[in-house]
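> So I've got this file, input.cif, and it contains mmCIF, C-alpha atoms:
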```cif
data_query
#
loop_
_atom_site.label_atom_id
_atom_site.label_comp_id
_atom_site.auth_asym_id
_atom_site.auth_seq_id
_atom_site.Cartn_x
_atom_site.Cartn_y
_atom_site.Cartn_z
CA MET S 8 87.35 82.47 114.16
CA PRO S 9 89.19 81.68 110.90
CA VAL S 10 89.13 84.09 108.01
CA GLU S 11 88.43 82.36 104.73
CA SER S 12 90.55 82.71 101.62
CA ILE S 13 88.91 84.54 98.70
CA PHE S 14 90.97 82.51 96.21
CA ALA S 15 88.04 80.29 95.19
CA ARG S 16 86.21 83.43 94.04
CA LEU S 17 89.32 84.99 92.49
CA GLU S 18 90.83 82.06 90.59
CA PRO S 19 88.09 81.67 87.92
CA LEU S 20 88.46 85.37 87.09
CA LEU S 21 92.24 85.36 86.62
CA PRO S 22 92.19 84.27 82.94
CA ARG S 23 90.56 87.65 82.23
CA VAL S 24 93.58 89.66 83.44
CA GLN S 25 96.86 90.42 81.70
CA LYS S 26 99.30 89.07 84.34
CA PRO S 27 97.44 86.57 86.54
CA ILE S 28 100.56 85.03 88.08
CA GLN S 29 101.12 88.11 90.25
CA TYR S 30 97.96 87.33 92.21
CA VAL S 31 98.57 83.62 92.84
CA GLY S 32 101.30 83.75 95.51
CA GLY S 33 103.12 80.66 96.75
CA GLU S 34 106.60 81.88 95.88
CA LEU S 35 109.76 80.59 97.58
CA ASN S 36 109.91 81.46 101.31
CA SER S 37 106.30 82.65 101.48
CA GLN S 38 104.50 81.68 104.66
CA VAL S 39 100.91 80.87 105.51
CA LYS S 40 100.28 80.67 109.23
CA ASP S 41 97.17 79.55 111.07
CA TRP S 42 94.85 82.55 111.54
CA ASP S 43 93.46 81.34 114.87
CA GLU S 44 96.91 80.75 116.37
CA ALA S 45 97.88 84.40 115.94
CA GLU S 46 97.33 87.08 118.55
CA VAL S 47 98.05 89.89 116.09
CA ARG S 48 97.77 89.80 112.30
CA TRP S 49 99.65 92.15 109.97
CA ALA S 50 98.95 92.84 106.31
CA LEU S 51 102.09 94.42 104.83
CA MET S 52 101.55 96.48 101.72
CA TYR S 53 103.93 97.76 99.13
CA PRO S 54 101.63 100.13 97.22
CA ASP S 55 102.76 99.20 93.73
CA ALA S 56 102.46 96.20 91.44
CA TYR S 57 103.60 92.80 92.71
CA GLU S 58 106.57 92.73 90.34
CA VAL S 59 107.82 96.05 91.75
CA GLY S 60 107.01 95.35 95.40
CA LEU S 61 108.15 91.74 95.73
CA PRO S 62 111.87 92.54 95.59
CA ASN S 63 111.51 95.36 98.16
CA GLN S 64 113.85 94.27 100.92
CA GLY S 65 112.23 96.41 103.61
CA VAL S 66 108.88 94.65 103.27
CA GLN S 67 110.55 91.24 103.00
CA ILE S 68 112.58 91.85 106.18
CA LEU S 69 109.49 92.99 108.12
CA TYR S 70 107.55 89.98 106.78
CA GLU S 71 110.25 87.58 107.95
CA ILE S 72 110.80 89.22 111.35
CA LEU S 73 107.08 89.36 112.13
CA ASN S 74 106.47 85.76 111.07
CA GLU S 75 109.37 84.56 113.22
CA ARG S 76 107.56 85.85 116.31
CA GLU S 77 105.24 83.53 118.17
CA GLY S 78 101.63 84.73 118.06
CA VAL S 79 102.21 87.00 115.05
CA LEU S 80 101.02 86.43 111.50
CA ALA S 81 102.14 88.60 108.58
CA GLU S 82 101.00 88.44 104.97
CA ARG S 83 101.74 90.66 101.97
CA THR S 84 99.52 92.64 99.65
CA TYR S 85 100.28 94.74 96.60
CA SER S 86 98.41 97.09 94.31
CA VAL S 87 96.32 95.40 91.67
CA TRP S 88 96.43 96.42 88.04
CA PRO S 89 93.40 98.28 86.61
CA ASP S 90 92.16 95.17 84.79
CA LEU S 91 91.83 93.19 88.02
CA GLU S 92 90.57 96.23 89.94
CA ALA S 93 87.57 96.47 87.58
CA ILE S 94 86.85 92.74 87.95
CA MET S 95 87.17 92.93 91.75
CA ARG S 96 84.69 95.79 91.89
CA GLU S 97 82.31 93.97 89.52
CA HIS S 98 82.39 90.78 91.63
CA GLY S 99 82.70 92.30 95.11
CA ILE S 100 86.15 90.87 95.75
CA PRO S 101 88.08 92.81 98.39
CA GLN S 102 91.76 93.75 98.49
CA PHE S 103 93.53 90.53 99.47
CA THR S 104 96.91 89.19 100.53
CA VAL S 105 98.95 87.07 98.14
CA ASP S 106 100.00 84.58 100.82
CA ALA S 107 96.65 83.13 101.91
CA HIS S 108 94.32 85.39 99.89
CA ARG S 109 92.68 86.74 103.01
CA PRO S 110 90.77 90.05 102.94
CA VAL S 111 92.99 92.93 104.05
CA ALA S 112 90.17 94.38 106.15
CA ALA S 113 90.24 91.29 108.40
CA PHE S 114 93.77 92.04 109.68
CA ASP S 115 94.59 93.95 112.85
CA VAL S 116 97.22 96.15 111.22
CA LEU S 117 97.81 97.32 107.66
CA GLY S 118 101.45 98.40 107.41
CA VAL S 119 102.33 100.37 104.27
CA SER S 120 105.85 100.99 102.99
CA PHE S 121 106.13 104.13 100.88
CA SER S 122 109.34 104.39 98.89
CA THR S 123 107.95 107.02 96.49
CA GLU S 124 105.02 109.41 96.35
CA LEU S 125 103.63 107.39 93.43
CA GLY S 126 102.17 104.91 95.91
CA TYR S 127 99.83 107.40 97.57
CA THR S 128 96.95 106.95 95.14
CA ASN S 129 97.54 103.19 95.04
CA LEU S 130 97.00 103.06 98.79
CA LEU S 131 93.72 104.96 98.44
CA THR S 132 92.55 102.44 95.84
CA ALA S 133 93.57 99.51 98.05
CA LEU S 134 91.77 100.96 101.07
CA ASP S 135 88.65 101.48 98.97
CA LEU S 136 88.81 97.92 97.58
CA ALA S 137 89.29 96.59 101.12
CA GLY S 138 86.28 98.49 102.42
CA ILE S 139 88.44 100.47 104.85
CA PRO S 140 87.37 104.13 105.15
CA LEU S 141 89.89 106.54 103.64
CA ASP S 142 89.52 108.98 106.52
CA ALA S 143 91.03 107.62 109.74
CA ALA S 144 88.33 109.38 111.78
CA GLU S 145 85.71 107.19 110.08
CA ARG S 146 87.45 103.94 111.03
CA GLY S 147 86.26 101.90 113.96
CA GLU S 148 87.61 98.99 115.97
CA GLU S 149 86.44 96.64 113.24
CA HIS S 150 89.01 98.14 110.84
CA PRO S 151 92.75 97.53 110.86
CA ILE S 152 95.08 100.19 112.18
CA VAL S 153 96.78 101.74 109.14
CA LEU S 154 100.48 102.52 109.64
CA ALA S 155 102.62 104.18 107.00
CA GLY S 156 106.40 104.19 106.89
CA GLY S 157 109.25 104.47 104.46
CA HIS S 158 111.21 107.47 103.29
CA ALA S 159 108.26 108.89 101.31
CA ALA S 160 105.72 108.45 104.12
CA PHE S 161 106.09 111.97 105.48
CA ASN S 162 107.22 113.82 102.42
CA PRO S 163 104.92 116.82 101.73
#
```
Could you render the structure from this file as structure tokens?

Amino acid sequence: MPVESIFARLEPLLPRVQKPIQYVGGELNSQVKDWDEAEVRWALMYPDAYEVGLPNQGVQILYEILNEREGVLAERTYSVWPDLEAIMREHGIPQFTVDAHRPVAAFDVLGVSFSTELGYTNLLTALDLAGIPLDAAERGEEHPIVLAGGHAAFNP
């Protein structure tokens, strides 16, 4: 069953935020694959603003490698700025991917790349916006598996 884009709900609200272009997507080499054709669907998150996360080569390499595989779909998501966060909460818009603007909670896997400890709280905000329980024990089969990696993923 296809997962609908939330862009129609998001687009009219973008003039109210400071940097709307970071939520539009469609940049060079971005990919949008058919949801129903995929056997497994990854949302890859760099838990910082789009302008910081987009040039992250680790996420870009994973994105490319996953999308090259048959039956695999990968899209990217980033932290939203506080202005959009408030609007998303006001209008019930979930954390979304920038490629096809699909809700992060609809994916099978949420892969997070931590390069610094500063992203920890951003991930918590994204999980909350997505409607994914913060505590792994509270997640069920209807939620994506949350995987964290990167050199700050296991740093106490």
> What do you get, as an mmCIF file with C-alpha atoms, in the frame of the given file, if you spell out every residue that the PyMOL selection byres ((chain S and resi 116) around 10) selects here?

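And here is the file that came out, out36.cif:
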```cif
data_model
loop_
_atom_site.group_PDB
_atom_site.id
_atom_site.type_symbol
_atom_site.label_atom_id
_atom_site.label_comp_id
_atom_site.auth_asym_id
_atom_site.auth_seq_id
_atom_site.Cartn_x
_atom_site.Cartn_y
_atom_site.Cartn_z
ATOM 1 C CA VAL S 47 98.050 89.890 116.090
ATOM 2 C CA ARG S 48 97.770 89.800 112.300
ATOM 3 C CA TRP S 49 99.650 92.150 109.970
ATOM 4 C CA ALA S 50 98.950 92.840 106.310
ATOM 5 C CA LEU S 51 102.090 94.420 104.830
ATOM 6 C CA ALA S 81 102.140 88.600 108.580
ATOM 7 C CA VAL S 111 92.990 92.930 104.050
ATOM 8 C CA ALA S 112 90.170 94.380 106.150
ATOM 9 C CA ALA S 113 90.240 91.290 108.400
ATOM 10 C CA PHE S 114 93.770 92.040 109.680
ATOM 11 C CA ASP S 115 94.590 93.950 112.850
ATOM 12 C CA LEU S 117 97.810 97.320 107.660
ATOM 13 C CA GLY S 118 101.450 98.400 107.410
ATOM 14 C CA VAL S 119 102.330 100.370 104.270
ATOM 15 C CA HIS S 150 89.010 98.140 110.840
ATOM 16 C CA PRO S 151 92.750 97.530 110.860
ATOM 17 C CA ILE S 152 95.080 100.190 112.180
ATOM 18 C CA VAL S 153 96.780 101.740 109.140
ATOM 19 C CA LEU S 154 100.480 102.520 109.640
#
```
> What gap, in Å, lies between atom CA of S:Ile13 and atom CA of S:Glu82?
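Result for atom CA of S:Ile13 versus atom CA of S:Glu82: 14.2 Å, one decimal.
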> Using the chain letters and numbers from this file, what does the PyMOL selection byres ((chain S and resi 15) around 12) select? Give the answer as a ChimeraX atom specification.
/S:11-14,16-21,31,100,107-109
> Would you kindly translate the PyMOL selection byres ((chain S and resi 42) around 8) into the concrete residues it picks from this file, as a list in words?
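Residues picked by the PyMOL selection byres ((chain S and resi 42) around 8): Met8, Pro9, Val10, Lys40, Asp41, Asp43, Glu44, Ala45, Arg48 and Leu80 of chain S.
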> Measuring atom to atom with all atoms listed in the file, identify which of S:Glu149, S:Glu46, S:Ser37, S:Pro101 is nearest to S:Arg76.
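Of S:Glu149, S:Glu46, S:Ser37, S:Pro101, the one nearest S:Arg76 is S:Glu46, counting all atoms listed in the file.
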